[in-house]
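J.: Structure supplied as query14.txt; contents: compact mmCIF, C-alpha atoms.
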# COMPACT_ATOMS: atom_id res chain seq x y z
CA MET A 1422 3.54 -15.50 -6.05
CA SER A 1423 3.57 -14.52 -2.41
CA ASN A 1424 5.36 -12.17 -0.04
CA PRO A 1425 7.71 -13.83 2.45
CA GLY A 1426 6.25 -14.48 5.89
CA TYR A 1427 8.33 -11.77 7.59
CA ALA A 1428 6.66 -9.15 5.35
CA ILE A 1429 3.63 -9.31 7.66
CA LEU A 1430 5.63 -7.32 10.23
CA ILE A 1431 5.84 -4.20 8.07
CA GLN A 1432 2.59 -4.71 6.15
CA SER A 1433 0.54 -4.33 9.30
CA LYS A 1434 -0.66 -0.76 9.64
CA ARG A 1435 0.14 -1.14 13.36
CA PHE A 1436 3.87 -1.21 12.57
CA PRO A 1437 4.30 2.53 13.42
CA LEU A 1438 3.02 1.82 16.94
CA VAL A 1439 6.24 -0.11 17.73
CA TRP A 1440 8.77 2.17 16.02
CA ASP A 1441 10.02 3.64 19.29
CA LYS A 1442 10.95 0.14 20.50
CA LEU A 1443 13.13 -0.61 17.46
CA LYS A 1444 16.85 -0.02 17.07
CA SER A 1445 16.30 1.34 13.55
CA ARG A 1446 15.36 5.02 13.48
CA LEU A 1447 13.23 4.84 10.27
CA PRO A 1448 13.60 8.57 9.49
CA THR A 1449 11.92 8.46 6.07
CA TRP A 1450 8.85 6.59 7.30
CA ARG A 1451 8.58 8.90 10.31
CA LEU A 1452 8.80 11.92 8.02
CA LEU A 1453 6.30 10.77 5.38
CA LEU A 1454 3.71 8.61 7.13
CA PRO A 1455 0.85 10.44 8.85
CA GLU A 1456 0.81 10.18 12.64
CA THR A 1457 -0.52 6.76 13.62
CA ARG A 1458 -2.18 5.94 16.94
CA TYR A 1459 -4.02 3.17 18.72
CA PRO A 1460 -7.73 4.00 18.13
CA VAL A 1461 -8.64 4.36 21.81
CA GLU A 1462 -6.18 7.29 22.04
CA VAL A 1463 -8.16 9.54 19.67
CA PRO A 1464 -11.69 10.98 19.62
CA ILE A 1465 -13.77 8.36 17.79
CA ASP A 1466 -16.05 10.87 16.08
CA SER A 1467 -13.40 13.36 14.97
CA THR A 1468 -12.82 14.62 11.44
CA GLU A 1469 -9.07 14.75 12.23
CA TRP A 1470 -8.58 10.97 12.26
CA VAL A 1471 -9.01 8.18 9.71
CA PHE A 1472 -9.70 4.61 10.86
CA LYS A 1473 -8.10 1.76 8.94
CA PRO A 1474 -8.16 -2.01 9.47
CA ILE A 1475 -4.65 -3.21 10.30
CA PHE A 1476 -4.52 -5.55 7.31
CA GLY A 1477 -6.82 -3.63 4.97
CA ARG A 1478 -6.18 -3.40 1.28
CA VAL A 1479 -7.33 -1.20 -1.60
CA GLY A 1480 -8.98 1.27 0.77
CA GLU A 1481 -11.64 -1.20 1.94
CA ASP A 1482 -13.26 -0.44 5.29
CA VAL A 1483 -11.40 2.88 5.64
CA GLY A 1484 -13.46 5.29 7.70
CA ILE A 1485 -13.10 8.98 6.90
CA LYS A 1486 -15.84 11.13 8.42
CA GLY A 1487 -17.50 13.16 5.66
CA VAL A 1488 -15.96 11.02 2.88
CA THR A 1489 -16.93 7.42 3.68
CA GLU A 1490 -20.67 6.88 3.13
CA GLN A 1491 -22.44 7.70 6.43
CA ARG A 1492 -23.95 4.25 7.06
CA GLU A 1493 -20.63 2.52 6.34
CA TYR A 1494 -18.75 5.03 8.50
CA LEU A 1495 -21.02 4.32 11.48
CA GLU A 1496 -20.47 0.56 11.04
CA ILE A 1497 -16.70 1.09 10.97
CA VAL A 1498 -16.78 3.26 14.11
CA ARG A 1499 -18.90 0.63 15.87
CA ASP A 1500 -16.35 -2.05 14.98
CA VAL A 1501 -13.43 0.18 16.04
CA ARG A 1502 -15.08 0.56 19.46
CA ARG A 1503 -15.70 -3.19 19.78
CA HIS A 1504 -12.35 -4.40 18.40
CA PRO A 1505 -9.75 -1.60 18.66
CA ASP A 1506 -6.89 -4.13 18.33
CA TYR A 1507 -7.90 -4.71 14.70
CA TRP A 1508 -7.70 -1.02 13.75
CA ILE A 1509 -5.39 1.98 13.68
CA ALA A 1510 -6.14 5.68 13.66
CA GLN A 1511 -4.12 7.82 11.28
CA ARG A 1512 -3.99 11.62 11.25
CA ARG A 1513 -6.08 12.85 8.34
CA PHE A 1514 -4.45 15.02 5.70
CA ASP A 1515 -5.97 16.93 2.82
CA ALA A 1516 -5.14 15.57 -0.61
CA LEU A 1517 -4.96 18.21 -3.33
CA PRO A 1518 -7.16 17.33 -6.30
CA VAL A 1519 -6.09 17.78 -9.91
CA GLU A 1520 -8.32 18.89 -12.77
CA SER A 1521 -9.18 16.28 -15.41
CA GLU A 1522 -11.66 15.91 -18.27
CA GLY A 1523 -13.93 14.06 -15.84
CA GLY A 1524 -13.71 16.74 -13.13
CA LEU A 1525 -11.56 16.90 -10.04
CA ARG A 1526 -9.56 13.77 -9.22
CA TYR A 1527 -7.55 12.91 -6.12
CA PRO A 1528 -4.17 11.33 -6.94
CA CYS A 1529 -2.14 8.67 -5.17
CA LEU A 1530 1.45 7.89 -6.17
CA GLY A 1531 3.53 4.98 -4.99
CA VAL A 1532 6.92 3.43 -5.58
CA PHE A 1533 7.78 -0.21 -6.22
CA THR A 1534 11.05 -1.42 -4.75
CA VAL A 1535 13.06 -4.58 -5.28
CA ASP A 1536 15.75 -5.34 -2.71
CA GLY A 1537 15.56 -1.75 -1.47
CA HIS A 1538 16.01 -0.16 -4.92
CA VAL A 1539 13.41 1.82 -6.83
CA ALA A 1540 11.98 -0.37 -9.58
CA GLY A 1541 9.02 1.68 -10.77
CA ALA A 1542 6.08 3.86 -9.85
CA TYR A 1543 2.32 3.49 -9.88
CA GLY A 1544 -0.53 5.94 -9.81
CA ARG A 1545 -4.23 5.86 -9.01
CA VAL A 1546 -6.90 8.56 -9.02
CA ALA A 1547 -10.34 8.76 -7.44
CA SER A 1548 -13.28 11.14 -7.57
CA LYS A 1549 -13.18 11.45 -3.74
CA PRO A 1550 -10.26 11.86 -1.32
CA LEU A 1551 -10.14 8.11 -0.65
CA ILE A 1552 -8.28 5.73 -2.92
CA ASP A 1553 -10.38 2.55 -2.85
CA GLN A 1554 -11.66 -0.17 -5.18
CA SER A 1555 -13.40 2.44 -7.37
CA ALA A 1556 -10.14 4.33 -8.05
CA GLN A 1557 -8.61 4.13 -11.51
CA ASP A 1558 -5.05 3.12 -12.33
CA VAL A 1559 -3.13 5.79 -14.22
CA ALA A 1560 0.21 5.89 -15.96
CA VAL A 1561 3.08 7.64 -14.20
CA LEU A 1562 5.35 9.28 -16.72
CA ILE A 1563 8.61 11.17 -16.18
CA ARG A 1564 9.54 13.61 -18.90
CA GLU A 1565 13.00 13.09 -20.34
CA LYS A 1566 13.52 16.86 -20.18
CA ASP A 1567 13.10 16.78 -16.38
CA ARG A 1568 15.69 14.04 -16.05
CA HIS A 1569 18.29 16.00 -18.06
CA GLU A 1570 17.65 19.18 -16.07
CA LYS A 1571 18.64 17.31 -12.92
CA ASN A 1572 21.73 15.83 -14.62
CA GLU A 1573 20.45 12.32 -13.98
CA PRO A 1574 21.80 9.54 -16.18
CA LYS A 1575 19.54 8.35 -18.97
CA ARG A 1576 18.25 4.86 -18.28
CA THR A 1577 16.62 2.41 -20.60
CA VAL A 1578 14.27 -0.33 -19.54
Rewrite the coordinates I just gave you, this time as structure tokens.

T.:
Amino acid sequence: MSNPGYAILIQSKRFPLVWDKLKSRLPTWRLLLPETRYPVEVPIDSTEWVFKPIFGRVGEDVGIKGVTEQREYLEIVRDVRRHPDYWIAQRRFDALPVESEGGLRYPCLGVFTVDGHVAGAYGRVASKPLIDQSAQDVAVLIREKDRHEKNEPKRTV
């Protein structure tokens, strides 16, 4: 199974850097995605910015000052300086942790779509405010009561 070749256009984390050149306005992405910049436009040693590889996955090589292990963070910053075209800077935001039996956990929720229609949701939690390979998958459940309160139709899968 593979994504179609054109998917690379929107899977690149550099996609937001060309939004202003597109005919589509992309209001939802603009509203929900943290501000994204070319790395040379931001202070390299700031706690306000997160550095991500443009084709990273599962949080690998994400540099968050004070969260990413210090040695790894310095390696990432060094690579960002050497190869800024392979990275983006994204405005950092504070994730709100939730209490669990294992202590505080930082959640991440996502939505699966098929042909532009919601097809499901996924969740992951981590012990630090970075969802990476050590994060755990969690079930995302919607209470039937909540659905009826919003007068949404009952669906079966």

J.: Tell me, as a list of chain:residue names, which residues lie within 6 Å of region 1476-1484 of chain A, counting all atoms listed in the file; anything in the same chain fewer than 3 positions away does not count.

T.: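 Listing them by chain and then by number gives A:Ser1433, A:Val1471, A:Phe1472, A:Lys1473, A:Thr1489, A:Tyr1494, A:Ile1552, A:Asp1553, A:Gln1554.
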
J.: May I have the residues within 12 Å of Glu1456 (chain A) as JSON, numbers by chain, using all atoms listed in the file and disregarding those fewer than 2 positions away in the same chain?

T.: {"A": [1434, 1435, 1436, 1437, 1438, 1440, 1450, 1451, 1452, 1453, 1454, 1458, 1459, 1460, 1463, 1469, 1470, 1471, 1509, 1510, 1511, 1512, 1513, 1514]}

J.: Would you mind listing what lies within 12 Å of region 1523-1530 of chain A as a ChimeraX atom specification, with all atoms listed in the file counted and same-chain residues fewer than 3 positions away left out?

T.: /A:1479-1480,1515-1520,1533,1541-1553,1556-1562

J.: Considering all atoms listed in the file, state which residue in the set A:Ile1465, A:Ser1521, A:Ala1540, A:Ile1429 is at the smallest distance from Asp1500 (chain A).

T.: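 With all atoms listed in the file as the atom set, the closest residue is A:Ile1465.
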
J.: Take CA of Ala1428 (chain A) and CA of Arg1502 (chain A) and report the distance between them in Å, one decimal.

T.: 27.7 Å

J.: Output as a CSV table (one decimal), keeping the file's coordinate frame: region 1494-1516 of chain A, completed with N, CA and C atoms.

T.:
chain,number,residue,atom,x,y,z
A,1494,TYR,N,-19.6,4.4,7.5
A,1494,TYR,CA,-18.8,5.0,8.5
A,1494,TYR,C,-19.2,4.7,9.9
A,1495,LEU,N,-20.5,4.7,10.2
A,1495,LEU,CA,-21.0,4.3,11.5
A,1495,LEU,C,-20.7,2.9,11.8
A,1496,GLU,N,-20.8,2.0,10.8
A,1496,GLU,CA,-20.5,0.6,11.0
A,1496,GLU,C,-19.0,0.4,11.4
A,1497,ILE,N,-18.1,1.1,10.7
A,1497,ILE,CA,-16.7,1.1,11.0
A,1497,ILE,C,-16.4,1.6,12.4
A,1498,VAL,N,-17.0,2.7,12.8
A,1498,VAL,CA,-16.8,3.3,14.1
A,1498,VAL,C,-17.3,2.3,15.2
A,1499,ARG,N,-18.4,1.6,14.9
A,1499,ARG,CA,-18.9,0.6,15.9
A,1499,ARG,C,-17.9,-0.5,16.0
A,1500,ASP,N,-17.3,-1.0,14.9
A,1500,ASP,CA,-16.4,-2.0,15.0
A,1500,ASP,C,-15.0,-1.6,15.6
A,1501,VAL,N,-14.6,-0.4,15.4
A,1501,VAL,CA,-13.4,0.2,16.0
A,1501,VAL,C,-13.6,0.2,17.5
A,1502,ARG,N,-14.8,0.6,18.0
A,1502,ARG,CA,-15.1,0.6,19.5
A,1502,ARG,C,-15.0,-0.9,20.0
A,1503,ARG,N,-15.6,-1.8,19.3
A,1503,ARG,CA,-15.7,-3.2,19.8
A,1503,ARG,C,-14.4,-3.9,19.7
A,1504,HIS,N,-13.6,-3.7,18.7
A,1504,HIS,CA,-12.4,-4.4,18.4
A,1504,HIS,C,-11.2,-3.4,18.1
A,1505,PRO,N,-10.8,-2.6,19.0
A,1505,PRO,CA,-9.8,-1.6,18.7
A,1505,PRO,C,-8.4,-2.2,18.3
A,1506,ASP,N,-8.2,-3.5,18.7
A,1506,ASP,CA,-6.9,-4.1,18.3
A,1506,ASP,C,-6.8,-4.4,16.8
A,1507,TYR,N,-7.9,-4.4,16.1
A,1507,TYR,CA,-7.9,-4.7,14.7
A,1507,TYR,C,-7.8,-3.5,13.8
A,1508,TRP,N,-7.7,-2.3,14.5
A,1508,TRP,CA,-7.7,-1.0,13.8
A,1508,TRP,C,-6.5,-0.1,14.2
A,1509,ILE,N,-6.3,0.9,13.3
A,1509,ILE,CA,-5.4,2.0,13.7
A,1509,ILE,C,-6.1,3.3,13.4
A,1510,ALA,N,-5.7,4.3,14.0
A,1510,ALA,CA,-6.1,5.7,13.7
A,1510,ALA,C,-4.9,6.4,13.1
A,1511,GLN,N,-5.2,7.1,11.9
A,1511,GLN,CA,-4.1,7.8,11.3
A,1511,GLN,C,-4.6,9.3,11.1
A,1512,ARG,N,-3.7,10.2,11.4
A,1512,ARG,CA,-4.0,11.6,11.2
A,1512,ARG,C,-4.4,11.9,9.8
A,1513,ARG,N,-5.6,12.5,9.7
A,1513,ARG,CA,-6.1,12.8,8.3
A,1513,ARG,C,-5.3,14.0,7.7
A,1514,PHE,N,-5.1,13.9,6.4
A,1514,PHE,CA,-4.4,15.0,5.7
A,1514,PHE,C,-5.3,15.3,4.5
A,1515,ASP,N,-5.2,16.5,4.0
A,1515,ASP,CA,-6.0,16.9,2.8
A,1515,ASP,C,-5.2,16.7,1.6
A,1516,ALA,N,-5.7,15.8,0.7
A,1516,ALA,CA,-5.1,15.6,-0.6
A,1516,ALA,C,-5.6,16.7,-1.6
